Structure formats: structure tokens, C-alpha cells
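These notes concern the structure reproduced below.
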Amino acid sequence: MRKHIATVRQEEDEAEINLTPMLDVVFIMLIFFIVTASFIRETGLDAQRPDQNDTPTVTDEEGAILVMINGNDEVFVANQSVDMRQVRPRIQAMHAEDAERPMVIQAHPDSTTKMLVSILDSANQAGIDNVSVVEL
Amino acid sequence: MRDHDESLEEDESEINLTPMLDVVFIMLIFFIVTAVFVKEPGVEVDRPEALTAFQAGAGSIYVAVTPQDEIWIDRSVVEANEIRYSIERLRQESPAAGVVIKADSDARNELVIQVMDAAKAAGVDNIVIAASDI
């Protein structure tokens, strides 16, 4: 009798839930989420558009630094043709005169993204924060 | 007698899995919560280079613009007038997502600006033009 009670108690002790299958499932889920977790982060430049209701009729008199890209990927700063390498010094000089001046990039529909990005890059290098892009 | 005791101890000296299970569950929850299923545009583009490129936030909506005047969102070509709808649909899944425009170096700015307009119309403030860091 005593022996019987002892075995019952021992059985009760051992009647723990077997965690191994759940652990397998949990590990597989963990591996799935680790593998699918995307740590990819794209690098890029900030691009702003002016609000649509105040469509810019920005001219030089209003004080914006005006950079235009025409359909042949030629760059004009304040209506003067400028070599791509000269864009950064030019806008930097204009920015130095008045740091509050916003910058507007007027891009021709047929101009390429390469030019737009290098001008945005130049603006960032010159330290101009307020840059917007409009279509010519 | 001594032998018997030792064998009993050996039997009962199973590793206690509970703390490991706790850790694994916490890791699992962490990865589920932070899981971002990236919406790749589905087309490879040659990104322009820039010196001041910074890292865009995770969980962005990618919009690719090819030199062939195609716009790709979520692995399919999208018509110009459907860009806004597509961005809005993807933003319902992750409302905090920004938009990354992966435009080819030779893509036309007309389309890039259309995508920027559509993103803005869809209520996205965080618009980034992809550029490779040099």
C-alpha cells in the first residue's frame, strides 16, 4: 500500500507537460522572424514639395534661390547658365548672403533624376534646409 | 546504496527549460513586433550618387521609377493616376511609413515629381529620393 502511494506521488510529479514540441514550434517561428526581419535601410535625400494650393510663382525678387534644370540637363542658377561643379559654390554664396532664403529647384519634365539629386546634394552640402522641387 | 542515489540524481537533473523559454518568447515577440515586411518595388534601378545621403527610416514604401517611364510599386507597374491609391493602400498596413522614391539616374523628373505629388496627396510627409552614398 505504501508502495502504491509512493508510485502515485511519483507519477504526479512526473506528469509535467512536455515542452519540447512547443519549443520546436517557437524556435521555428523565431528563426522565421529573424530571417524575414529587414534591417535594410535605403539611403537617400530628403525631398520636399511645396503645398499644392500655393503653387509657387516664385521669382528671384521674392528672395528664393532659383535653380533650374532644363530639358537638356543644363543647370541655371538665378537664370544664369552654370556648370554642375559650380552649382554648390554659387548657391553657397547666395545662402551666405541671407540664410533665410529658401531654395526652389525647377525641374524640366525631361530632365533626369541624376541632375535633380546632385542639386539636392549640393544644397545639402551648402547647408540649405528649405529646398522644394517644382516642375518647370 | 550510493550508486542508487547517484543514478536517481542523474535522472532528475534535467535542464530546466523555463528561463530559456522565457527568453525565446521575448525574442519572438520582439521580432514579431519589429517585423517589417518590406514592399520592394520589384525592379532594379541605377541610383544616382550623392555625398550627403542619409539613412531613411525602416518600413518605407518603395516606389521605383525606371528610365522607360514605368512606375513600380509593390512588384507591379502602376499607372500615373493610380500611384496615390497604391501608396494609400500600402500606408493602411503601416501608417507611419514614409515613401522612398527609387528613381533611376536617367529617369525623367516629370515622373519623379508626379510620385512626390501623389505621396504628398496621400498624406506622406517623409519623402526621400534614394541615392547611393559615395
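Each chain in the C-alpha cells gets a letter, A, B and so on, in the order shown; residues start at 1 in every chain, and ligands are counted from 1 in the order they appear.
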Long-range neighbours of stretch 17-33 of chain B as a ChimeraX atom specification, 8 Å cut-off, only C-alpha atoms, 2 positions minimum in chain: /A:23,26-27,29-30,33-34,37 /B:15,35
Considering only C-alpha atoms, extract the chain B residues located within 6 Å of chain A and return them as a PyMOL selection string. chain B and resi 28+31+35+48+50+52-56+58+105-110+127-131
Mind pulling up the distance from atom CA of B:Ile134 to atom CA of B:Val99? 21.9 Å
When you look at stretch 85-102 of chain A with a cut-off of 9 Å (counting only C-alpha atoms), what residues show up, excluding the ones that are within fewer than 4 positions of it in the same chain? I need them as a PyMOL selection string. chain A and resi 63-67+75-77+119+121-123+125-132
Would you write out those residues with C-alpha atoms, as an mmCIF file, in the first residue's frame?
```
data_model
loop_
_atom_site.group_PDB
_atom_site.id
_atom_site.type_symbol
_atom_site.label_atom_id
_atom_site.label_comp_id
_atom_site.auth_asym_id
_atom_site.auth_seq_id
_atom_site.Cartn_x
_atom_site.Cartn_y
_atom_site.Cartn_z
ATOM 1 C CA GLY A 63 14.224 86.005 -52.457
ATOM 2 C CA ALA A 64 14.276 82.335 -53.285
ATOM 3 C CA ILE A 65 17.430 80.781 -54.645
ATOM 4 C CA LEU A 66 16.213 79.622 -58.003
ATOM 5 C CA VAL A 67 17.880 76.651 -59.648
ATOM 6 C CA VAL A 75 21.638 73.969 -64.898
ATOM 7 C CA PHE A 76 20.741 77.617 -64.415
ATOM 8 C CA VAL A 77 21.207 79.394 -61.114
ATOM 9 C CA ILE A 119 21.482 69.621 -56.976
ATOM 10 C CA ASP A 121 23.104 67.068 -52.731
ATOM 11 C CA SER A 122 24.750 70.437 -53.412
ATOM 12 C CA ALA A 123 22.014 72.174 -51.437
ATOM 13 C CA GLN A 125 26.311 70.469 -48.687
ATOM 14 C CA ALA A 126 25.686 74.198 -48.738
ATOM 15 C CA GLY A 127 23.579 73.783 -45.629
ATOM 16 C CA ILE A 128 20.271 74.876 -47.123
ATOM 17 C CA ASP A 129 17.382 73.196 -45.347
ATOM 18 C CA ASN A 130 14.420 74.653 -47.120
ATOM 19 C CA VAL A 131 14.526 73.144 -50.593
ATOM 20 C CA SER A 132 11.486 72.446 -52.690
#
```
Leaving out B:Glu44 and any residue of its chain fewer than 3 positions from it, which residues lie within 10 Å of it when counting only C-alpha atoms, given as a ChimeraX atom specification? /B:40-41,47,64-66,102-104
Store the residues picked out above, limited to N, CA and C atoms, as a PDB file, in the first residue's frame.
```
ATOM      1  N   GLU B  40       9.180  45.775 -51.589  1.00  0.00           N
ATOM      2  CA  GLU B  40      10.160  46.074 -52.637  1.00  0.00           C
ATOM      3  C   GLU B  40       9.418  46.473 -53.907  1.00  0.00           C
ATOM      4  N   PRO B  41       9.978  47.404 -54.655  1.00  0.00           N
ATOM      5  CA  PRO B  41       9.279  47.809 -55.873  1.00  0.00           C
ATOM      6  C   PRO B  41       9.293  46.727 -56.949  1.00  0.00           C
ATOM      7  N   ARG B  47      20.782  53.854 -58.979  1.00  0.00           N
ATOM      8  CA  ARG B  47      20.510  55.054 -58.187  1.00  0.00           C
ATOM      9  C   ARG B  47      21.581  56.113 -58.417  1.00  0.00           C
ATOM     10  N   ALA B  64       9.590  52.781 -57.405  1.00  0.00           N
ATOM     11  CA  ALA B  64      10.708  52.840 -58.344  1.00  0.00           C
ATOM     12  C   ALA B  64      10.256  53.524 -59.626  1.00  0.00           C
ATOM     13  N   VAL B  65      11.149  54.338 -60.170  1.00  0.00           N
ATOM     14  CA  VAL B  65      10.891  54.985 -61.451  1.00  0.00           C
ATOM     15  C   VAL B  65      12.010  54.560 -62.392  1.00  0.00           C
ATOM     16  N   THR B  66      11.649  53.944 -63.505  1.00  0.00           N
ATOM     17  CA  THR B  66      12.657  53.429 -64.433  1.00  0.00           C
ATOM     18  C   THR B  66      12.880  54.430 -65.564  1.00  0.00           C
ATOM     19  N   LYS B 102      12.776  55.399 -55.519  1.00  0.00           N
ATOM     20  CA  LYS B 102      13.998  54.841 -56.108  1.00  0.00           C
ATOM     21  C   LYS B 102      13.967  55.146 -57.591  1.00  0.00           C
ATOM     22  N   ALA B 103      14.479  56.298 -57.920  1.00  0.00           N
ATOM     23  CA  ALA B 103      14.451  56.714 -59.318  1.00  0.00           C
ATOM     24  C   ALA B 103      15.785  56.410 -59.962  1.00  0.00           C
ATOM     25  N   ASP B 104      15.732  55.928 -61.176  1.00  0.00           N
ATOM     26  CA  ASP B 104      16.955  55.667 -61.924  1.00  0.00           C
ATOM     27  C   ASP B 104      17.646  56.995 -62.237  1.00  0.00           C
TER      28      ASP B 104
END
```
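Running DSSP on the backbone and keeping only strand (DSSP E), the residues of chain B that qualify are Glu49, Ala50, Phe54, Gln55, Ile61, Tyr62, Val63, Ala64, Val65, Ile71, Trp72, Ile73, Ser76, Val77, Val78, Val99, Val100, Ile101, Lys102, Ala103, Ile127, Val128, Ile129, Ala130, Ser132 and Asp133 of chain B.
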